[in-house]
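J.: Structure: my_file_28.pdb, PDB, C-alpha atoms and all ligand atoms.
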```
ATOM      1  CA  THR A   1      -3.688   5.307  31.068
ATOM      2  CA  GLU A   2      -2.642   4.039  27.641
ATOM      3  CA  PRO A   3       0.020   1.336  27.236
ATOM      4  CA  ARG A   4       3.517   2.350  26.129
ATOM      5  CA  ILE A   5       4.474   1.902  22.467
ATOM      6  CA  ALA A   6       8.025   1.492  21.138
ATOM      7  CA  LEU A   7       8.447   2.895  17.634
ATOM      8  CA  LEU A   8      11.522   2.170  15.521
ATOM      9  CA  GLY A   9      12.015   4.371  12.476
ATOM     10  CA  LEU A  10      11.452   8.122  12.356
ATOM     11  CA  GLY A  11      11.305   8.799   8.646
ATOM     12  CA  ALA A  12       8.410  10.785   7.191
ATOM     13  CA  MET A  13       5.893   8.070   8.066
ATOM     14  CA  GLY A  14       7.303   6.993  11.432
ATOM     15  CA  THR A  15       7.442  10.624  12.603
ATOM     16  CA  ALA A  16       3.801  11.148  11.602
ATOM     17  CA  PHE A  17       2.761   7.983  13.512
ATOM     18  CA  ALA A  18       4.798   9.131  16.533
ATOM     19  CA  ARG A  19       3.068  12.540  16.633
ATOM     20  CA  ALA A  20      -0.377  10.911  16.387
ATOM     21  CA  TRP A  21       0.357   8.590  19.335
ATOM     22  CA  LEU A  22       1.821  11.406  21.428
ATOM     23  CA  ALA A  23      -1.190  13.617  20.689
ATOM     24  CA  ALA A  24      -3.514  10.795  21.793
ATOM     25  CA  GLY A  25      -1.659  10.470  25.098
ATOM     26  CA  TYR A  26       0.239   7.219  24.465
ATOM     27  CA  PRO A  27       3.578   6.978  26.289
ATOM     28  CA  LEU A  28       6.074   6.505  23.467
ATOM     29  CA  THR A  29       9.674   5.345  23.191
ATOM     30  CA  VAL A  30      11.328   6.120  19.866
ATOM     31  CA  TRP A  31      14.521   5.060  18.182
ATOM     32  CA  ASN A  32      16.024   6.085  14.859
ATOM     33  CA  ARG A  33      19.312   5.020  13.260
ATOM     34  CA  THR A  34      20.244   8.671  12.752
ATOM     35  CA  PRO A  35      19.643  10.022  16.285
ATOM     36  CA  SER A  36      19.056  13.677  15.295
ATOM     37  CA  ARG A  37      15.673  12.752  13.805
ATOM     38  CA  ALA A  38      14.402  11.927  17.313
ATOM     39  CA  GLU A  39      15.171  15.365  18.764
ATOM     40  CA  PRO A  40      11.911  17.133  17.816
ATOM     41  CA  LEU A  41       9.919  14.211  19.229
ATOM     42  CA  ALA A  42      11.843  14.300  22.513
ATOM     43  CA  ALA A  43      10.726  17.918  22.841
ATOM     44  CA  GLU A  44       7.141  16.725  22.274
ATOM     45  CA  GLY A  45       7.303  14.166  25.081
ATOM     46  CA  ALA A  46       8.749  10.975  23.579
ATOM     47  CA  GLU A  47      11.416   8.975  25.403
ATOM     48  CA  VAL A  48      14.424   8.494  23.127
ATOM     49  CA  ALA A  49      16.211   5.134  23.254
ATOM     50  CA  ALA A  50      19.904   4.900  22.368
ATOM     51  CA  THR A  51      19.518   1.557  20.589
ATOM     52  CA  ALA A  52      16.743  -0.373  18.874
ATOM     53  CA  ALA A  53      17.114  -3.138  21.488
ATOM     54  CA  GLU A  54      16.656  -0.619  24.314
ATOM     55  CA  ALA A  55      13.540   0.788  22.619
ATOM     56  CA  ALA A  56      12.099  -2.700  22.143
ATOM     57  CA  ALA A  57      12.739  -3.519  25.803
ATOM     58  CA  SER A  58      10.584  -0.569  26.905
ATOM     59  CA  ALA A  59       7.182  -1.750  25.672
ATOM     60  CA  ARG A  60       5.073  -4.802  24.904
ATOM     61  CA  LEU A  61       3.992  -3.328  21.558
ATOM     62  CA  VAL A  62       6.969  -2.726  19.263
ATOM     63  CA  VAL A  63       6.257  -1.008  15.928
ATOM     64  CA  THR A  64       8.792  -0.899  13.103
ATOM     65  CA  CYS A  65       8.415   1.665  10.298
ATOM     66  CA  LEU A  66      11.695   1.390   8.379
ATOM     67  CA  LEU A  67      12.756   1.616   4.764
ATOM     68  CA  ASP A  68      12.452  -2.034   3.753
ATOM     69  CA  ASP A  69      12.333  -5.540   5.182
ATOM     70  CA  ALA A  70      16.128  -5.884   5.324
ATOM     71  CA  SER A  71      16.370  -2.800   7.550
ATOM     72  CA  VAL A  72      13.941  -4.394  10.037
ATOM     73  CA  GLY A  73      16.194  -7.450  10.383
ATOM     74  CA  GLU A  74      19.255  -5.207  10.694
ATOM     75  CA  ALA A  75      17.740  -2.876  13.283
ATOM     76  CA  LEU A  76      16.428  -5.683  15.511
ATOM     77  CA  GLU A  77      19.458  -7.935  15.164
ATOM     78  CA  GLY A  78      20.312  -9.050  18.685
ATOM     79  CA  ALA A  79      17.282  -7.398  20.358
ATOM     80  CA  ASP A  80      15.348  -9.512  22.881
ATOM     81  CA  LEU A  81      11.879  -9.905  21.409
ATOM     82  CA  SER A  82      10.553 -12.642  23.691
ATOM     83  CA  GLY A  83       7.054 -11.807  24.913
ATOM     84  CA  LYS A  84       6.820  -8.837  22.526
ATOM     85  CA  ASP A  85       4.107  -8.042  20.013
ATOM     86  CA  LEU A  86       5.994  -6.891  16.939
ATOM     87  CA  VAL A  87       3.952  -4.888  14.437
ATOM     88  CA  ASP A  88       5.907  -4.195  11.262
ATOM     89  CA  VAL A  89       4.359  -1.529   9.020
ATOM     90  CA  THR A  90       7.411  -1.410   6.742
ATOM     91  CA  THR A  91       6.503  -2.053   3.097
ATOM     92  CA  GLY A  92       7.574  -5.463   1.793
ATOM     93  CA  THR A  93       6.428  -8.411  -0.284
ATOM     94  CA  PRO A  94       4.080 -11.160   0.955
ATOM     95  CA  ALA A  95       6.985 -13.652   1.070
ATOM     96  CA  GLN A  96       9.087 -11.211   3.110
ATOM     97  CA  ALA A  97       6.183 -10.754   5.548
ATOM     98  CA  ARG A  98       5.765 -14.536   5.963
ATOM     99  CA  ALA A  99       9.505 -14.978   6.536
ATOM    100  CA  ARG A 100       9.528 -12.075   9.011
ATOM    101  CA  ALA A 101       6.582 -13.696  10.880
ATOM    102  CA  GLU A 102       8.592 -16.903  11.188
ATOM    103  CA  TRP A 103      11.670 -14.889  12.272
ATOM    104  CA  ALA A 104       9.579 -13.175  14.992
ATOM    105  CA  ARG A 105       8.073 -16.511  16.127
ATOM    106  CA  GLU A 106      11.563 -18.004  16.507
ATOM    107  CA  ARG A 107      12.404 -15.052  18.794
ATOM    108  CA  GLY A 108       9.311 -15.584  20.952
ATOM    109  CA  ALA A 109       7.328 -12.625  19.609
ATOM    110  CA  ARG A 110       3.803 -12.453  18.219
ATOM    111  CA  PHE A 111       3.705 -10.690  14.856
ATOM    112  CA  LEU A 112       1.494  -8.548  12.666
ATOM    113  CA  SER A 113       2.579  -7.355   9.241
ATOM    114  CA  GLY A 114       1.203  -4.040   8.026
ATOM    115  CA  GLY A 115       0.735  -2.329   4.684
ATOM    116  CA  ILE A 116       0.131   1.422   4.909
ATOM    117  CA  MET A 117      -2.540   2.833   2.599
ATOM    118  CA  ALA A 118      -1.869   6.480   3.396
ATOM    119  CA  ILE A 119       0.719   9.205   2.930
ATOM    120  CA  PRO A 120       2.127  11.152   5.901
ATOM    121  CA  PRO A 121      -0.264  14.165   5.627
ATOM    122  CA  MET A 122      -3.213  11.736   6.050
ATOM    123  CA  VAL A 123      -1.893  10.504   9.412
ATOM    124  CA  GLY A 124      -3.883  11.832  12.368
ATOM    125  CA  VAL A 125      -6.605  13.087  10.001
ATOM    126  CA  PRO A 126      -9.451  10.521  10.218
ATOM    127  CA  GLU A 127     -11.539  12.208   7.499
ATOM    128  CA  ALA A 128      -8.655  11.635   5.014
ATOM    129  CA  GLY A 129      -9.619   7.947   4.995
ATOM    130  CA  GLY A 130      -6.135   6.438   5.319
ATOM    131  CA  TYR A 131      -5.696   3.019   6.876
ATOM    132  CA  VAL A 132      -3.233   0.203   7.413
ATOM    133  CA  PHE A 133      -3.867  -3.436   6.449
ATOM    134  CA  TYR A 134      -2.676  -5.737   9.243
ATOM    135  CA  SER A 135      -2.281  -9.480   8.775
ATOM    136  CA  GLY A 136      -1.452 -12.090  11.380
ATOM    137  CA  PRO A 137      -3.335 -13.474  14.397
ATOM    138  CA  ALA A 138      -6.749 -11.782  14.829
ATOM    139  CA  GLY A 139      -6.340 -11.913  18.623
ATOM    140  CA  VAL A 140      -3.143  -9.837  18.501
ATOM    141  CA  PHE A 141      -4.835  -7.343  16.190
ATOM    142  CA  GLU A 142      -7.862  -7.023  18.497
ATOM    143  CA  GLU A 143      -5.632  -6.593  21.559
ATOM    144  CA  HIS A 144      -3.825  -3.611  20.009
ATOM    145  CA  ARG A 145      -6.645  -2.314  17.853
ATOM    146  CA  ALA A 146      -7.256   0.845  19.913
ATOM    147  CA  ALA A 147      -3.597   1.894  19.633
ATOM    148  CA  LEU A 148      -3.303   0.883  15.976
ATOM    149  CA  GLU A 149      -6.376   2.947  15.060
ATOM    150  CA  VAL A 150      -4.846   6.178  16.376
ATOM    151  CA  PRO A 151      -2.614   7.259  13.433
ATOM    152  CA  VAL A 152      -4.929   6.031  10.617
ATOM    153  CA  GLY A 153      -7.660   3.401  10.327
ATOM    154  CA  ALA A 154      -6.781  -0.259  10.947
ATOM    155  CA  ARG A 155      -8.134  -3.249   9.003
ATOM    156  CA  HIS A 156      -7.448  -6.874   9.744
ATOM    157  CA  ALA A 157      -6.472  -8.435   6.399
ATOM    158  CA  GLY A 158      -6.374 -12.104   7.407
ATOM    159  CA  GLU A 159      -4.364 -14.521   9.534
ATOM    160  CA  ASP A 160      -1.741 -15.263   6.850
ATOM    161  CA  ALA A 161       1.034 -12.705   7.494
ATOM    162  CA  GLY A 162       1.470 -12.114   3.755
ATOM    163  CA  LEU A 163      -2.048 -10.823   3.097
ATOM    164  CA  ALA A 164      -1.465  -7.224   4.199
ATOM    165  CA  SER A 165       1.526  -6.807   1.862
ATOM    166  CA  LEU A 166      -0.337  -8.586  -0.912
ATOM    167  CA  GLN A 167      -3.375  -6.308  -0.789
ATOM    168  CA  ASP A 168      -1.147  -3.251  -0.368
ATOM    169  CA  ALA A 169       0.797  -4.222  -3.515
ATOM    170  CA  ALA A 170      -2.430  -4.991  -5.391
ATOM    171  CA  LEU A 171      -3.894  -1.552  -4.653
ATOM    172  CA  LEU A 172      -0.633   0.245  -5.496
ATOM    173  CA  SER A 173      -0.247  -1.753  -8.719
ATOM    174  CA  ALA A 174      -3.742  -0.693  -9.805
ATOM    175  CA  MET A 175      -2.899   2.887  -8.896
ATOM    176  CA  ASN A 176       0.094   2.716 -11.261
ATOM    177  CA  GLY A 177      -2.232   1.685 -14.066
ATOM    178  CA  MET A 178      -4.513   4.590 -13.267
ATOM    179  CA  PHE A 179      -1.664   7.129 -13.274
ATOM    180  CA  ALA A 180      -0.309   5.612 -16.493
ATOM    181  CA  GLY A 181      -3.717   6.274 -18.014
ATOM    182  CA  ALA A 182      -3.812   9.827 -16.673
ATOM    183  CA  ALA A 183      -0.286  10.494 -18.010
ATOM    184  CA  HIS A 184      -1.341   9.348 -21.481
ATOM    185  CA  ALA A 185      -4.515  11.449 -21.336
ATOM    186  CA  PHE A 186      -2.587  14.614 -20.406
ATOM    187  CA  ALA A 187      -0.011  13.886 -23.123
ATOM    188  CA  LEU A 188      -2.830  13.869 -25.675
ATOM    189  CA  VAL A 189      -4.350  17.222 -24.673
ATOM    190  CA  ARG A 190      -1.513  19.228 -23.144
ATOM    191  CA  HIS A 191      -0.612  21.342 -26.206
ATOM    192  CA  GLU A 192      -4.184  21.910 -27.377
ATOM    193  CA  ASP A 193      -6.769  24.536 -26.513
ATOM    194  CA  VAL A 194      -8.000  22.590 -23.488
ATOM    195  CA  SER A 195      -8.053  23.912 -19.938
ATOM    196  CA  LEU A 196      -5.826  21.456 -18.087
ATOM    197  CA  ARG A 197      -7.475  22.290 -14.750
ATOM    198  CA  GLU A 198     -10.958  21.619 -16.104
ATOM    199  CA  PHE A 199      -9.773  18.521 -17.938
ATOM    200  CA  ALA A 200      -8.287  17.215 -14.685
ATOM    201  CA  VAL A 201     -11.703  17.357 -12.999
ATOM    202  CA  LEU A 202     -13.343  15.540 -15.924
ATOM    203  CA  LEU A 203     -10.579  12.933 -15.904
ATOM    204  CA  SER A 204     -10.700  12.163 -12.191
ATOM    205  CA  ASP A 205     -14.520  12.025 -12.214
ATOM    206  CA  TRP A 206     -14.446   9.706 -15.247
ATOM    207  CA  LEU A 207     -11.915   7.365 -13.616
ATOM    208  CA  ALA A 208     -13.982   7.268 -10.421
ATOM    209  CA  SER A 209     -17.259   6.499 -12.204
ATOM    210  CA  MET A 210     -15.687   3.827 -14.432
ATOM    211  CA  ALA A 211     -14.010   2.246 -11.406
ATOM    212  CA  HIS A 212     -17.262   2.207  -9.432
ATOM    213  CA  ALA A 213     -19.072   0.454 -12.277
ATOM    214  CA  GLY A 214     -16.370  -1.818 -13.632
ATOM    215  CA  VAL A 215     -14.377  -3.045 -10.651
ATOM    216  CA  PRO A 216     -17.270  -4.755  -8.798
ATOM    217  CA  ALA A 217     -18.357  -6.312 -12.137
ATOM    218  CA  MET A 218     -14.905  -7.928 -12.470
ATOM    219  CA  ALA A 219     -15.223  -9.428  -8.980
ATOM    220  CA  GLY A 220     -18.667 -10.783  -9.913
ATOM    221  CA  HIS A 221     -17.293 -12.373 -13.091
ATOM    222  CA  LEU A 222     -14.384 -13.984 -11.252
ATOM    223  CA  GLU A 223     -16.720 -15.361  -8.581
ATOM    224  CA  SER A 224     -19.322 -16.781 -10.985
ATOM    225  CA  GLY A 225     -16.818 -17.865 -13.653
ATOM    226  CA  ASP A 226     -19.153 -16.385 -16.283
ATOM    227  CA  TYR A 227     -17.324 -13.384 -17.748
ATOM    228  CA  THR A 228     -20.246 -12.437 -20.041
ATOM    229  CA  GLU A 229     -22.700 -11.707 -17.201
ATOM    230  CA  GLY A 230     -24.217  -8.212 -17.496
ATOM    231  CA  VAL A 231     -21.683  -7.104 -20.148
ATOM    232  CA  VAL A 232     -22.669  -3.760 -21.716
ATOM    233  CA  SER A 233     -19.417  -3.028 -23.593
ATOM    234  CA  ASN A 234     -18.387  -6.214 -25.367
ATOM    235  CA  LEU A 235     -14.751  -6.993 -26.112
ATOM    236  CA  ALA A 236     -15.163  -6.961 -29.915
ATOM    237  CA  MET A 237     -16.478  -3.393 -29.723
ATOM    238  CA  GLN A 238     -13.782  -2.360 -27.227
ATOM    239  CA  VAL A 239     -10.925  -3.719 -29.352
ATOM    240  CA  GLU A 240     -12.332  -1.795 -32.319
ATOM    241  CA  GLY A 241     -12.419   1.303 -30.086
ATOM    242  CA  ASN A 242      -8.815   0.725 -29.020
ATOM    243  CA  ALA A 243      -7.701   1.109 -32.647
ATOM    244  CA  THR A 244      -9.196   4.614 -32.570
ATOM    245  CA  LEU A 245      -7.320   5.378 -29.328
ATOM    246  CA  LEU A 246      -4.001   4.217 -30.809
ATOM    247  CA  ARG A 247      -4.587   6.218 -34.000
ATOM    248  CA  THR A 248      -5.465   9.314 -31.985
ATOM    249  CA  ALA A 249      -2.173   8.983 -30.096
ATOM    250  CA  GLU A 250      -0.262   8.791 -33.364
ATOM    251  CA  GLU A 251      -2.116  11.833 -34.747
ATOM    252  CA  GLN A 252      -1.183  13.780 -31.588
ATOM    253  CA  GLY A 253       2.463  12.693 -31.646
ATOM    254  CA  VAL A 254       2.119  10.704 -28.428
ATOM    255  CA  SER A 255       3.786   7.354 -27.792
ATOM    256  CA  THR A 256       1.386   4.435 -27.365
ATOM    257  CA  GLU A 257       3.732   2.616 -24.970
ATOM    258  CA  LEU A 258       1.509   3.110 -21.922
ATOM    259  CA  LEU A 259      -1.577   1.903 -23.802
ATOM    260  CA  THR A 260      -0.400  -1.131 -25.738
ATOM    261  CA  PRO A 261       0.383  -3.491 -22.823
ATOM    262  CA  TYR A 262      -3.326  -3.551 -22.013
ATOM    263  CA  THR A 263      -4.796  -3.191 -25.514
ATOM    264  CA  ASP A 264      -2.588  -6.059 -26.773
ATOM    265  CA  LEU A 265      -3.956  -8.337 -24.051
ATOM    266  CA  MET A 266      -7.530  -7.349 -24.918
ATOM    267  CA  ALA A 267      -6.858  -8.169 -28.578
ATOM    268  CA  ARG A 268      -5.367 -11.553 -27.596
ATOM    269  CA  ARG A 269      -8.405 -12.439 -25.501
ATOM    270  CA  LEU A 270     -10.686 -11.484 -28.399
ATOM    271  CA  ALA A 271      -8.587 -13.596 -30.807
ATOM    272  CA  ASP A 272      -9.088 -16.507 -28.368
ATOM    273  CA  GLY A 273     -12.826 -16.230 -29.160
ATOM    274  CA  HIS A 274     -14.259 -14.202 -26.277
ATOM    275  CA  ARG A 275     -16.146 -11.437 -28.093
ATOM    276  CA  GLU A 276     -19.077 -11.407 -25.616
ATOM    277  CA  GLU A 277     -16.896 -10.709 -22.552
ATOM    278  CA  ASP A 278     -15.617  -7.311 -21.434
ATOM    279  CA  GLY A 279     -12.239  -6.851 -19.710
ATOM    280  CA  THR A 280     -12.284  -9.635 -17.105
ATOM    281  CA  GLY A 281     -10.774 -12.302 -19.388
ATOM    282  CA  VAL A 282      -7.489 -10.370 -19.491
ATOM    283  CA  ILE A 283      -6.955 -11.511 -15.883
ATOM    284  CA  ASP A 284      -6.716 -15.127 -17.079
ATOM    285  CA  LEU A 285      -3.926 -14.140 -19.487
ATOM    286  CA  LEU A 286      -1.808 -12.719 -16.654
ATOM    287  CA  ALA A 287      -1.096 -16.020 -14.886
ATOM    288  CA  VAL A 288       2.598 -16.980 -15.137
ATOM    289  CA  PRO A 289       4.593 -19.556 -13.125
ATOM    290  CA  ARG A 290       5.406 -18.375  -9.592
ATOM    291  CA  ARG A 291       8.992 -17.519  -8.700
TER     292      ARG A 291
HETATM  293  P1  LIG B 301      11.892   7.559   4.940
HETATM  294  O1  LIG B 301      12.807   7.382   3.803
HETATM  295  O2  LIG B 301      11.396   8.924   5.292
HETATM  296  O3  LIG B 301      12.533   6.924   6.252
HETATM  297  C1  LIG B 301      13.185   5.690   6.215
HETATM  298  C2  LIG B 301      13.482   5.259   7.638
HETATM  299  O4  LIG B 301      14.121   3.972   7.605
HETATM  300  C3  LIG B 301      14.409   6.214   8.370
HETATM  301  O5  LIG B 301      14.020   6.228   9.736
HETATM  302  C4  LIG B 301      15.763   5.503   8.185
HETATM  303  O6  LIG B 301      16.702   5.839   9.187
HETATM  304  C5  LIG B 301      15.342   4.073   8.348
HETATM  305  N1  LIG B 301      16.300   3.097   7.828
HETATM  306  C6  LIG B 301      16.653   2.877   6.535
HETATM  307  N2  LIG B 301      17.545   1.876   6.458
HETATM  308  C7  LIG B 301      17.770   1.463   7.734
HETATM  309  C8  LIG B 301      18.577   0.448   8.296
HETATM  310  N3  LIG B 301      19.338  -0.337   7.534
HETATM  311  N4  LIG B 301      18.555   0.282   9.647
HETATM  312  C9  LIG B 301      17.772   1.075  10.428
HETATM  313  N5  LIG B 301      16.975   2.051   9.941
HETATM  314  C10 LIG B 301      16.976   2.231   8.611
HETATM  315  O7  LIG B 301      10.656   6.578   4.660
HETATM  316  P2  LIG B 301       9.144   6.701   5.148
HETATM  317  O8  LIG B 301       9.088   7.027   6.594
HETATM  318  O9  LIG B 301       8.393   7.530   4.194
HETATM  319  O10 LIG B 301       8.669   5.199   4.910
HETATM  320  C11 LIG B 301       8.791   4.191   5.910
HETATM  321  C12 LIG B 301       7.972   2.997   5.445
HETATM  322  O11 LIG B 301       6.630   3.405   5.242
HETATM  323  C13 LIG B 301       8.490   2.419   4.123
HETATM  324  O12 LIG B 301       8.432   1.009   4.156
HETATM  325  C14 LIG B 301       7.486   2.976   3.128
HETATM  326  O13 LIG B 301       7.324   2.122   1.985
HETATM  327  C15 LIG B 301       6.214   3.026   3.947
HETATM  328  N6  LIG B 301       5.235   3.955   3.395
HETATM  329  C16 LIG B 301       5.567   5.272   3.186
HETATM  330  C17 LIG B 301       4.667   6.126   2.584
HETATM  331  C18 LIG B 301       4.992   7.568   2.330
HETATM  332  O14 LIG B 301       4.261   8.190   1.560
HETATM  333  N7  LIG B 301       6.016   8.128   2.940
HETATM  334  C19 LIG B 301       3.338   5.651   2.155
HETATM  335  C20 LIG B 301       3.061   4.274   2.489
HETATM  336  C21 LIG B 301       4.004   3.469   3.048
HETATM  337  P3  LIG B 301      17.717   7.097   8.971
HETATM  338  O15 LIG B 301      16.959   8.301   9.424
HETATM  339  O16 LIG B 301      18.853   6.748   9.858
HETATM  340  O17 LIG B 301      18.090   7.130   7.525
END
```
Let me see the file written as structure tokens.

T.:
Amino acid sequence: TEPRIALLGLGAMGTAFARAWLAAGYPLTVWNRTPSRAEPLAAEGAEVAATAAEAAASARLVVTCLLDDASVGEALEGADLSGKDLVDVTTGTPAQARARAEWARERGARFLSGGIMAIPPMVGVPEAGGYVFYSGPAGVFEEHRAALEVPVGARHAGEDAGLASLQDAALLSAMNGMFAGAAHAFALVRHEDVSLREFAVLLSDWLASMAHAGVPAMAGHLESGDYTEGVVSNLAMQVEGNATLLRTAEEQGVSTELLTPYTDLMARRLADGHREEDGTGVIDLLAVPRR
């Protein structure tokens, strides 16, 4: 029989995780600040705890899926966590994850911090490819791996508790850039004689093929330190091309505000004398003092 899991937080994501564990036959204790959200799960076989502390007391593995890091501290305030394995899949920053790891250690718990790379409809659907990054002790991850792999895939992201949040934020930050690009592209074509449905297919295929070619090349450049290796689209040519993109936006009556943060950095790198590179050198320009 599977070990019991205590799950705190029954929002959209927590509820999806709960259903996946129940469907896989895991005994489950749930708690939610607003009790009514636990009712459907009680009907599906979950035990409902009256308090977060009572839920945590019911199982070795305690999973928190709350709004933000502050809500985790609030919910578990006063709960006895000694001997527990606390797995926090609530989104937060790397520094919050490291502080929460220390907080858990002081309370006698082992700790994994998670970063969820999935949306609720992907939970319990292995072919959707969702996963969670987990960082913290590899031994704790391995011990709970079978349970953690039930809702979505599970990847160990390193021993440093902050690494799951860091990689989560890195992937989401890149996604913002991608959607910024898609928003600009649609703004350019939306009022013209272009099928938006067909354009959407071309756009997503183009983004995927450029990502597959360009992203590994950036990693290679950063590793070797030679940003000119294998460059097929040199920066001087690209900056020239950017002028055409900006002019096209103006012709179409579209703001350039989503484009210029990146094109300005490319122009600065070129002005610094790096015409034989492609985009990697922009990364060097992004370093600022840490907070
Ligand atoms: P919801 O807004 O649906 O749910 C938030 C949950 O947090 C509710 O259970 C809420 O309780 C609880 N909560 C908020 N504040 C407190 C508090 N102070 N004390 C106790 N409980 C509190 O969010 P999701 O379920 O969608 O998200 C949960 C986590 O998963 C977040 O960190 C989110 O970033 C992450 N995530 C979500 C994704 C998504 O697409 N949904 C994708 C990837 C990550 P109550 O019901 O009482 O309000």

J.: Could I get the residues of chain A with an atom no further than 8 Å from an atom of ligand LIG 301 (chain B), each paired with its nearest atom pair and that distance in Å to one decimal, using all atoms listed in the file, sorted by chain and residue number, as JSON lines?

T.:
```
{"residue": "A:Leu8", "atom": "CA", "partner": "B:LIG301", "partner_atom": "O5", "distance": 7.5}
{"residue": "A:Gly9", "atom": "CA", "partner": "B:LIG301", "partner_atom": "O5", "distance": 3.9}
{"residue": "A:Leu10", "atom": "CA", "partner": "B:LIG301", "partner_atom": "O5", "distance": 4.1}
{"residue": "A:Gly11", "atom": "CA", "partner": "B:LIG301", "partner_atom": "O3", "distance": 3.3}
{"residue": "A:Ala12", "atom": "CA", "partner": "B:LIG301", "partner_atom": "O8", "distance": 3.9}
{"residue": "A:Met13", "atom": "CA", "partner": "B:LIG301", "partner_atom": "O8", "distance": 3.7}
{"residue": "A:Gly14", "atom": "CA", "partner": "B:LIG301", "partner_atom": "O8", "distance": 5.2}
{"residue": "A:Thr15", "atom": "CA", "partner": "B:LIG301", "partner_atom": "O8", "distance": 7.2}
{"residue": "A:Asn32", "atom": "CA", "partner": "B:LIG301", "partner_atom": "O5", "distance": 5.5}
{"residue": "A:Arg33", "atom": "CA", "partner": "B:LIG301", "partner_atom": "O16", "distance": 3.8}
{"residue": "A:Thr34", "atom": "CA", "partner": "B:LIG301", "partner_atom": "O16", "distance": 3.7}
{"residue": "A:Pro35", "atom": "CA", "partner": "B:LIG301", "partner_atom": "O16", "distance": 7.3}
{"residue": "A:Arg37", "atom": "CA", "partner": "B:LIG301", "partner_atom": "O15", "distance": 6.4}
{"residue": "A:Cys65", "atom": "CA", "partner": "B:LIG301", "partner_atom": "C12", "distance": 5.1}
{"residue": "A:Leu66", "atom": "CA", "partner": "B:LIG301", "partner_atom": "O4", "distance": 3.6}
{"residue": "A:Leu67", "atom": "CA", "partner": "B:LIG301", "partner_atom": "O4", "distance": 3.9}
{"residue": "A:Asp68", "atom": "CA", "partner": "B:LIG301", "partner_atom": "O12", "distance": 5.1}
{"residue": "A:Asp69", "atom": "CA", "partner": "B:LIG301", "partner_atom": "O12", "distance": 7.7}
{"residue": "A:Ala70", "atom": "CA", "partner": "B:LIG301", "partner_atom": "N3", "distance": 6.8}
{"residue": "A:Ser71", "atom": "CA", "partner": "B:LIG301", "partner_atom": "N3", "distance": 3.9}
{"residue": "A:Val72", "atom": "CA", "partner": "B:LIG301", "partner_atom": "N4", "distance": 6.6}
{"residue": "A:Glu74", "atom": "CA", "partner": "B:LIG301", "partner_atom": "N4", "distance": 5.6}
{"residue": "A:Ala75", "atom": "CA", "partner": "B:LIG301", "partner_atom": "C9", "distance": 4.9}
{"residue": "A:Val89", "atom": "CA", "partner": "B:LIG301", "partner_atom": "O11", "distance": 6.6}
{"residue": "A:Thr90", "atom": "CA", "partner": "B:LIG301", "partner_atom": "O12", "distance": 3.7}
{"residue": "A:Thr91", "atom": "CA", "partner": "B:LIG301", "partner_atom": "O12", "distance": 3.8}
{"residue": "A:Gly92", "atom": "CA", "partner": "B:LIG301", "partner_atom": "O12", "distance": 6.9}
{"residue": "A:Gly115", "atom": "CA", "partner": "B:LIG301", "partner_atom": "C21", "distance": 6.9}
{"residue": "A:Ile116", "atom": "CA", "partner": "B:LIG301", "partner_atom": "C20", "distance": 4.8}
{"residue": "A:Met117", "atom": "CA", "partner": "B:LIG301", "partner_atom": "C20", "distance": 5.8}
{"residue": "A:Ala118", "atom": "CA", "partner": "B:LIG301", "partner_atom": "C19", "distance": 5.4}
{"residue": "A:Ile119", "atom": "CA", "partner": "B:LIG301", "partner_atom": "O14", "distance": 3.9}
{"residue": "A:Pro120", "atom": "CA", "partner": "B:LIG301", "partner_atom": "O14", "distance": 5.7}
```

J.: Just how far from CA of Arg290 (chain A) is CA of Arg105 (chain A), in Å to one decimal?

T.: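 Between CA of Arg105 (chain A) and CA of Arg290 (chain A) the gap is 25.9 Å.
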
J.: Please define a box with edges along x, y and z of the file around all atoms of region 87-104 of chain A given in the file, extend it by 8 Å on each side, and return its centre and edge lengths in Å to one decimal, as lines of an AutoDock Vina configuration file.

T.:
```
center_x = 7.8
center_y = -9.2
center_z = 7.4
size_x = 23.7
size_y = 31.5
size_z = 31.3
```

J.: For the PyMOL selection byres (((chain A and resi 265-270) around 7) and not hetatm), applied here, can you spell out every residue it catches as a list of chain:residue names?

T.: A:Leu235, A:Ala236, A:Val239, A:Pro261, A:Tyr262, A:Thr263, A:Asp264, A:Ala271, A:Asp272, A:Gly273, A:His274, A:Arg275, A:Gly281, A:Val282

J.: Mind telling me what the PyMOL selection byres (((chain A and resi 122) around 12) and not hetatm) catches here, as a VMD selection string?

T.: chain A and resid 12 to 13 16 to 17 20 116 to 121 123 to 132 150 to 153

J.: Could you state which residues are captured by the PyMOL selection byres (((chain A and resi 255) around 12) and not hetatm) in this file, as JSON, numbers by chain?

T.: {"A": [183, 184, 185, 187, 188, 245, 246, 247, 248, 249, 250, 251, 252, 253, 254, 256, 257, 258, 259, 260]}

J.: Create the file for the chosen residues now, containing C-alpha atoms and written as a short mmCIF file (atom, residue, chain, number, x, y, z; two decimals), in the coordinates of the input.

T.:
```cif
data_model
loop_
_atom_site.label_atom_id
_atom_site.label_comp_id
_atom_site.auth_asym_id
_atom_site.auth_seq_id
_atom_site.Cartn_x
_atom_site.Cartn_y
_atom_site.Cartn_z
CA ALA A 183 -0.29 10.49 -18.01
CA HIS A 184 -1.34 9.35 -21.48
CA ALA A 185 -4.51 11.45 -21.34
CA ALA A 187 -0.01 13.89 -23.12
CA LEU A 188 -2.83 13.87 -25.68
CA LEU A 245 -7.32 5.38 -29.33
CA LEU A 246 -4.00 4.22 -30.81
CA ARG A 247 -4.59 6.22 -34.00
CA THR A 248 -5.46 9.31 -31.98
CA ALA A 249 -2.17 8.98 -30.10
CA GLU A 250 -0.26 8.79 -33.36
CA GLU A 251 -2.12 11.83 -34.75
CA GLN A 252 -1.18 13.78 -31.59
CA GLY A 253 2.46 12.69 -31.65
CA VAL A 254 2.12 10.70 -28.43
CA THR A 256 1.39 4.43 -27.36
CA GLU A 257 3.73 2.62 -24.97
CA LEU A 258 1.51 3.11 -21.92
CA LEU A 259 -1.58 1.90 -23.80
CA THR A 260 -0.40 -1.13 -25.74
#
```
